[in-house]
Each structure stands twice: as C-alpha cells, then as structure tokens.
>>> print(open('structure-v5.cif').read())   # mmCIF, C-alpha atoms
data_model
loop_
_atom_site.label_atom_id
_atom_site.label_comp_id
_atom_site.auth_asym_id
_atom_site.auth_seq_id
_atom_site.Cartn_x
_atom_site.Cartn_y
_atom_site.Cartn_z
CA MET A 163 -17.01 -6.51 -10.02
CA ALA A 164 -16.61 -3.11 -8.36
CA LYS A 165 -13.59 -1.09 -9.35
CA SER A 166 -10.87 -0.57 -6.78
CA LYS A 167 -10.82 3.05 -5.63
CA ILE A 168 -7.51 4.90 -5.66
CA LEU A 169 -6.97 8.38 -4.26
CA ILE A 170 -3.98 10.36 -5.58
CA VAL A 171 -2.78 13.07 -3.19
CA GLU A 172 -0.20 14.95 -5.24
CA ASP A 173 0.32 18.62 -6.13
CA GLU A 174 2.40 18.21 -9.31
CA PRO A 175 -0.11 18.60 -12.22
CA SER A 176 1.91 16.70 -14.84
CA LEU A 177 2.40 13.73 -12.51
CA VAL A 178 -1.26 13.71 -11.53
CA GLU A 179 -2.18 13.61 -15.21
CA VAL A 180 0.16 10.69 -15.95
CA LEU A 181 -0.97 8.71 -12.92
CA SER A 182 -4.66 9.34 -13.48
CA TYR A 183 -4.48 8.32 -17.13
CA ASN A 184 -2.60 5.09 -16.49
CA LEU A 185 -4.65 4.08 -13.46
CA GLN A 186 -7.95 4.72 -15.25
CA ARG A 187 -6.69 2.73 -18.23
CA GLU A 188 -6.05 -0.16 -15.82
CA GLY A 189 -9.67 0.03 -14.72
CA TYR A 190 -9.36 1.80 -11.38
CA ASP A 191 -11.78 4.40 -10.03
CA VAL A 192 -9.47 7.40 -9.55
CA SER A 193 -9.94 10.56 -7.51
CA VAL A 194 -7.44 13.35 -6.94
CA ALA A 195 -6.55 15.84 -4.22
CA LYS A 196 -3.87 18.46 -4.81
CA GLU A 197 -3.61 19.72 -1.23
CA GLY A 198 -2.96 17.88 2.01
CA ARG A 199 -6.10 18.69 3.98
CA GLU A 200 -8.26 18.03 0.94
CA GLY A 201 -6.55 14.65 0.56
CA LEU A 202 -7.18 13.72 4.19
CA ARG A 203 -10.83 14.75 3.92
CA LYS A 204 -11.37 12.73 0.74
CA ALA A 205 -9.68 9.67 2.26
CA GLN A 206 -11.87 9.90 5.35
CA THR A 207 -15.14 10.44 3.48
CA HIS A 208 -14.73 8.27 0.36
CA LEU A 209 -12.67 5.42 1.90
CA PRO A 210 -10.42 4.49 -1.05
CA ASP A 211 -8.84 1.08 -1.27
CA LEU A 212 -5.43 2.67 -1.75
CA VAL A 213 -3.92 6.13 -1.33
CA ILE A 214 -0.95 7.31 -3.41
CA LEU A 215 0.46 9.92 -1.09
CA ASP A 216 3.14 12.53 -1.78
CA LEU A 217 5.22 13.64 1.20
CA MET A 218 5.69 17.29 0.29
CA LEU A 219 2.22 18.79 0.06
CA PRO A 220 0.76 22.25 0.68
CA GLY A 221 -1.43 22.58 3.74
CA LEU A 222 -0.70 19.25 5.44
CA GLY A 223 2.27 16.98 4.83
CA GLY A 224 2.09 13.36 3.74
CA LEU A 225 3.51 12.00 6.99
CA ASP A 226 0.82 13.78 9.01
CA ILE A 227 -1.87 12.48 6.66
CA CYS A 228 -0.53 8.94 7.05
CA ARG A 229 -0.56 9.25 10.85
CA GLU A 230 -4.15 10.53 10.79
CA LEU A 231 -5.34 7.68 8.56
CA ARG A 232 -3.67 5.01 10.68
CA ALA A 233 -4.98 6.51 13.93
CA SER A 234 -8.63 6.19 12.91
CA PRO A 235 -10.29 2.74 12.96
CA ARG A 236 -12.32 3.82 9.90
CA THR A 237 -9.23 4.33 7.73
CA ALA A 238 -6.57 2.21 9.49
CA GLY A 239 -6.87 -0.58 6.91
CA VAL A 240 -6.48 1.60 3.81
CA SER A 241 -3.33 0.73 1.85
CA ILE A 242 -0.90 3.66 1.60
CA LEU A 243 1.81 4.01 -1.04
CA MET A 244 4.10 6.98 -0.46
CA LEU A 245 5.35 8.67 -3.61
CA THR A 246 8.13 11.15 -3.06
CA ALA A 247 11.38 12.66 -4.26
CA LYS A 248 12.90 12.04 -0.81
CA GLY A 249 14.77 8.77 -1.17
CA GLU A 250 17.21 8.86 1.72
CA GLU A 251 17.33 5.84 4.05
CA SER A 252 16.08 7.90 6.99
CA ASP A 253 13.10 9.13 4.96
CA GLN A 254 12.07 5.58 4.07
CA ILE A 255 12.33 4.45 7.69
CA VAL A 256 10.18 7.37 8.86
CA GLY A 257 7.64 6.62 6.13
CA PHE A 258 7.26 3.01 7.20
CA ALA A 259 7.27 3.98 10.87
CA VAL A 260 4.12 6.09 10.45
CA GLY A 261 2.34 3.27 8.64
CA ALA A 262 3.11 3.34 4.90
CA ASP A 263 2.78 0.00 3.09
CA ASP A 264 5.16 0.88 0.27
CA TYR A 265 7.52 3.71 -0.63
CA VAL A 266 8.34 4.75 -4.21
CA THR A 267 10.86 7.46 -5.06
CA LYS A 268 10.72 9.82 -8.02
CA PRO A 269 11.53 9.41 -10.84
CA PHE A 270 9.93 6.00 -11.24
CA SER A 271 8.70 3.55 -13.86
CA VAL A 272 4.93 3.72 -14.31
CA LYS A 273 4.87 -0.01 -15.11
CA VAL A 274 6.68 -0.83 -11.87
CA LEU A 275 4.38 1.45 -9.90
CA LEU A 276 1.29 -0.22 -11.38
CA GLN A 277 2.65 -3.64 -10.44
CA ARG A 278 3.29 -2.57 -6.87
CA ILE A 279 -0.24 -1.16 -6.66
CA LYS A 280 -1.64 -4.48 -7.88
CA VAL A 281 0.33 -6.33 -5.19
CA LEU A 282 -0.99 -4.07 -2.41
CA LEU A 283 -4.59 -4.29 -3.61
CA ARG A 284 -4.43 -8.06 -4.11
CA ARG A 285 -3.25 -8.58 -0.53
CA ALA A 286 -5.98 -6.29 0.80
CA THR A 287 -8.85 -7.88 -1.15
CA ASN A 288 -7.87 -11.57 -1.38
CA PRO A 289 -7.06 -13.02 2.03
CA GLU A 290 -6.03 -16.66 2.12
CA PRO A 291 -9.10 -18.88 2.59
CA GLN A 292 -7.49 -21.51 4.82
CA GLY A 293 -6.70 -21.07 8.50
CA ASP A 294 -8.75 -17.91 8.98
CA VAL A 295 -8.00 -17.63 12.69
CA LEU A 296 -4.63 -17.85 14.45
CA GLU A 297 -4.64 -17.81 18.24
CA SER A 298 -1.94 -18.09 20.87
CA SER A 299 -1.62 -16.91 24.48
CA GLY A 300 -4.36 -14.33 24.27
CA ILE A 301 -3.44 -13.01 20.81
CA ARG A 302 -6.16 -13.74 18.24
CA LEU A 303 -5.71 -12.91 14.56
CA ASP A 304 -8.75 -13.25 12.30
CA LYS A 305 -7.69 -13.01 8.65
CA ARG A 306 -11.19 -12.96 7.19
CA ALA A 307 -12.32 -10.09 9.42
CA HIS A 308 -8.81 -8.55 9.36
CA GLN A 309 -8.93 -8.10 13.12
CA VAL A 310 -6.47 -8.66 15.94
CA THR A 311 -7.40 -8.82 19.60
CA VAL A 312 -5.21 -9.21 22.67
CA LYS A 313 -7.13 -10.70 25.60
CA THR A 314 -10.38 -9.76 23.80
CA GLN A 315 -9.29 -6.12 23.38
CA PRO A 316 -9.13 -4.96 19.73
CA VAL A 317 -5.75 -3.81 18.44
CA SER A 318 -5.46 -1.50 15.43
CA LEU A 319 -2.65 -2.64 13.11
CA THR A 320 -1.50 -1.33 9.75
CA PRO A 321 -1.82 -3.80 6.85
CA THR A 322 1.95 -4.42 6.94
CA GLU A 323 1.94 -5.02 10.70
CA PHE A 324 -0.99 -7.40 10.28
CA ARG A 325 0.85 -9.43 7.63
CA LEU A 326 4.00 -9.51 9.76
CA LEU A 327 2.13 -10.84 12.77
CA GLU A 328 0.31 -13.38 10.60
CA THR A 329 3.60 -14.61 9.11
CA LEU A 330 5.18 -15.04 12.54
CA MET A 331 2.13 -16.67 14.14
CA LYS A 332 1.73 -19.18 11.30
CA GLN A 333 5.05 -20.80 12.19
CA PRO A 334 5.71 -20.29 15.91
CA GLY A 335 9.28 -21.02 16.89
CA ARG A 336 10.68 -20.49 13.39
CA ALA A 337 13.38 -17.83 13.12
CA PHE A 338 12.67 -15.52 10.17
CA THR A 339 15.37 -13.32 8.68
CA ARG A 340 14.52 -9.69 8.05
CA HIS A 341 14.59 -10.45 4.33
CA ASP A 342 12.06 -13.27 4.81
CA LEU A 343 9.74 -10.97 6.70
CA MET A 344 10.02 -8.13 4.20
CA ASP A 345 9.22 -10.56 1.39
CA ALA A 346 6.19 -11.90 3.27
CA ALA A 347 4.84 -8.54 4.41
CA VAL A 348 5.78 -6.20 1.56
CA GLY A 349 6.64 -8.51 -1.33
CA ASP A 350 7.83 -6.71 -4.45
CA ALA A 351 8.57 -3.45 -2.65
CA ILE A 352 12.23 -2.48 -2.69
CA VAL A 353 12.84 -1.35 0.86
CA LEU A 354 15.52 -1.47 3.51
CA GLU A 355 15.80 -4.46 5.84
CA ARG A 356 16.10 -1.99 8.72
CA THR A 357 12.47 -1.01 8.18
CA ILE A 358 11.48 -4.42 9.56
CA ASP A 359 12.90 -3.33 12.92
CA VAL A 360 10.66 -0.26 12.80
CA HIS A 361 7.57 -2.38 12.06
CA ILE A 362 8.44 -4.91 14.77
CA LYS A 363 8.97 -2.16 17.35
CA SER A 364 5.55 -0.69 16.52
CA LEU A 365 3.91 -4.13 16.55
CA ARG A 366 5.36 -5.00 19.96
CA ARG A 367 4.16 -1.69 21.38
CA LYS A 368 0.62 -2.24 20.10
CA LEU A 369 0.50 -5.79 21.47
CA ALA A 370 1.43 -4.36 24.90
CA GLU A 371 2.43 -7.07 27.40
CA SER A 372 1.94 -9.72 24.72
CA GLY A 373 4.53 -8.00 22.53
CA ASP A 374 7.32 -10.03 24.11
CA ARG A 375 5.97 -13.04 22.20
CA ILE A 376 7.86 -11.57 19.23
CA GLU A 377 11.41 -12.50 20.09
CA THR A 378 14.64 -11.17 18.62
CA VAL A 379 16.92 -13.92 17.31
CA ARG A 380 20.41 -12.48 17.49
CA GLY A 381 22.19 -12.46 14.14
CA VAL A 382 19.10 -13.74 12.32
CA GLY A 383 15.88 -11.78 12.79
CA TYR A 384 12.67 -12.53 14.68
CA ARG A 385 10.36 -15.37 15.73
CA PHE A 386 7.04 -15.86 17.47
CA GLY A 387 8.08 -17.54 20.70
CA VAL A 388 6.64 -20.87 21.72
CA LEU A 389 5.48 -20.67 25.34
CA SER A 390 3.79 -23.26 27.46
CA GLU A 391 0.12 -22.48 27.88
CA ARG A 392 -0.81 -22.13 31.52
#
>>> encode(input="structure-v5.cif", output="structure tokens")
Amino acid sequence: MAKSKILIVEDEPSLVEVLSYNLQREGYDVSVAKEGREGLRKAQTHLPDLVILDLMLPGLGGLDICRELRASPRTAGVSILMLTAKGEESDQIVGFAVGADDYVTKPFSVKVLLQRIKVLLRRATNPEPQGDVLESSGIRLDKRAHQVTVKTQPVSLTPTEFRLLETLMKQPGRAFTRHDLMDAAVGDAIVLERTIDVHIKSLRRKLAESGDRIETVRGVGYRFGVLSER
C-alpha cells in the first residue's frame, strides 16, 4: 500500500524536526518546505494527501497558500491542517473560512496531532461504499468521484464543505445542530460552533441559486430543505 504523502510547511527548525520524525515513524512519506512560496510550489507539483500549514511564514502566508490551493481544481481536494500559535476565535474562523479542514494551536500534543491527521486522511481515502450518489433538485453529489455538480455544472468544494453537504443531503428535512454538523464534518477537531456558519455561508455561495436548499432552522442549526420536484 502506498504511503500517504504529507507536506510540512513550517519555518521553525525544531518543530519541523519533531514533526518529521514522528510522521515518518508512523509510516508517512514526509516532505518539508520552510518558506511560503516553496510550500505552495511543492503542494502544487507533488500533490500531497495532507498539508500541515503554519500561518506565519516568510515569503507567503499560510492563509494565502490555503486560498491558492482551494482555488485550483488540481489541489482543491488536498486536506489542510493549519498549525499556528494564533489561537484566537477570530483566527480560527478565518482559517476555516479560507478552506482549512482542521486548526491546531501551539503548543500541542504530538499524539493528539497524529490522531487528527489520521482522521483527516481516513476520511479522504475511505469514502463510504453505500449510496455513492445523492441527488436532489439539480444538486448531484458523487461520493466515489468526490464531485458535486449543480445542474450539470461542476462545483469545487473543500473536503469539509463536501462532508457538510453530504451529511445534510443524506437526511433531507432533518434539522442538524451546529454541534451535529461539526461532528459529522470535522469529527475529533476541537473547533468553534460558529465556524459551521462560515462553512455554510461558503457552501451556499458555491451552490449559487441552489444554495437556498440549505435552510437555517432558528434556534437549532441547519437542514436540507424538502421541496416538491416540479
């Protein structure tokens, strides 16, 4: 079985050494970039399965790198774990808004980080075998191909947005709390419930006129609305 490829984009030598050692010991194929533009180039050319991305980098910041990776169809599906000393609520919300799948603040437990990496990679490489295609009112979600189309037009979603839409479409009409959705889309990640609102806003925008299928349930959360097919 091929090793999962992980790219570390981090400029702190001691942290790079610790991460590289532990990830290689776990059996991952690890590459490193210590500068922002180098990290973006390596992600675009080598297509890692996951990028561990620091926010504060020389040359090009982590948020800009994340935006670039999500904007390109070639790298839009790469899992991104942001690793940073900036742990304020607003920083987390911005990180998720630009497409991060998880957000870990320094200092951190290496064991916890490794577990969160395993969760992200497992979701990316082991889609559920049953019910590969979900379709409703022009929105078509293909889990095996990891593709979403709206009225036959392809829509580029982040892995978290894809899982959110899948969760909602699986049970149309059910009202999910923000906690339910974070658990389904992010799992073990410790994040703010408010970040769900950021993901939903982005998802609605990308679905264009079909975005109103994701309804706000006041005092609860969100649901995929049941409409009569005409």
>>> resolve_selection(input="structure-v5.cif", expression="the PyMOL selection byres ((chain A and resi 366-374) around 8)", output="count of residues only")
13
>>> axis_aligned_box(input="structure-v5.cif", around="range 256-268 of chain A", padding_each_side="3 Å", output="lines of an AutoDock Vina configuration file")
center_x = 6.6
center_y = 4.9
center_z = 1.4
size_x = 14.5
size_y = 15.8
size_z = 24.9
>>> resolve_selection(input="structure-v5.cif", expression="the PyMOL selection byres ((chain A and resi 324-338) around 6)", output="list of chain:residue names")
A:Leu319, A:Pro321, A:Thr322, A:Glu323, A:Thr339, A:Asp342, A:Ala347, A:Gly383, A:Tyr384, A:Arg385, A:Phe386, A:Gly387, A:Val388
>>> atom_distance(input="structure-v5.cif", atom1="CA of Leu231 in chain A", atom2="CA of His341 in chain A")
27.3 Å
>>> atom_distance(input="structure-v5.cif", atom1="CA of Lys273 in chain A", atom2="CA of Ile168 in chain A")
16.3 Å
>>> resolve_selection(input="structure-v5.cif", expression="the PyMOL selection byres ((chain A and resi 209-223) around 8)", output="short mmCIF file (atom, residue, chain, number, x, y, z; two decimals) with C-alpha atoms, in the frame of the given file")
data_model
loop_
_atom_site.label_atom_id
_atom_site.label_comp_id
_atom_site.auth_asym_id
_atom_site.auth_seq_id
_atom_site.Cartn_x
_atom_site.Cartn_y
_atom_site.Cartn_z
CA SER A 166 -10.87 -0.57 -6.78
CA LYS A 167 -10.82 3.05 -5.63
CA ILE A 168 -7.51 4.90 -5.66
CA LEU A 169 -6.97 8.38 -4.26
CA ILE A 170 -3.98 10.36 -5.58
CA VAL A 171 -2.78 13.07 -3.19
CA GLU A 172 -0.20 14.95 -5.24
CA ASP A 173 0.32 18.62 -6.13
CA LYS A 196 -3.87 18.46 -4.81
CA GLU A 197 -3.61 19.72 -1.23
CA GLY A 198 -2.96 17.88 2.01
CA ARG A 199 -6.10 18.69 3.98
CA LYS A 204 -11.37 12.73 0.74
CA ALA A 205 -9.68 9.67 2.26
CA GLN A 206 -11.87 9.90 5.35
CA THR A 207 -15.14 10.44 3.48
CA HIS A 208 -14.73 8.27 0.36
CA GLY A 224 2.09 13.36 3.74
CA LEU A 225 3.51 12.00 6.99
CA ASP A 226 0.82 13.78 9.01
CA ILE A 227 -1.87 12.48 6.66
CA THR A 237 -9.23 4.33 7.73
CA VAL A 240 -6.48 1.60 3.81
CA SER A 241 -3.33 0.73 1.85
CA ILE A 242 -0.90 3.66 1.60
CA LEU A 243 1.81 4.01 -1.04
CA MET A 244 4.10 6.98 -0.46
CA LEU A 245 5.35 8.67 -3.61
CA THR A 246 8.13 11.15 -3.06
CA LEU A 283 -4.59 -4.29 -3.61
#
>>> atom_distance(input="structure-v5.cif", atom1="CA of Ala238 in chain A", atom2="CA of Asp263 in chain A")
11.5 Å
>>> closest_residue(input="structure-v5.cif", among="A:Arg284, A:Val272, A:Arg203, A:Asp264", to="Asn184 in chain A", atoms="all atoms listed in the file")
A:Val272
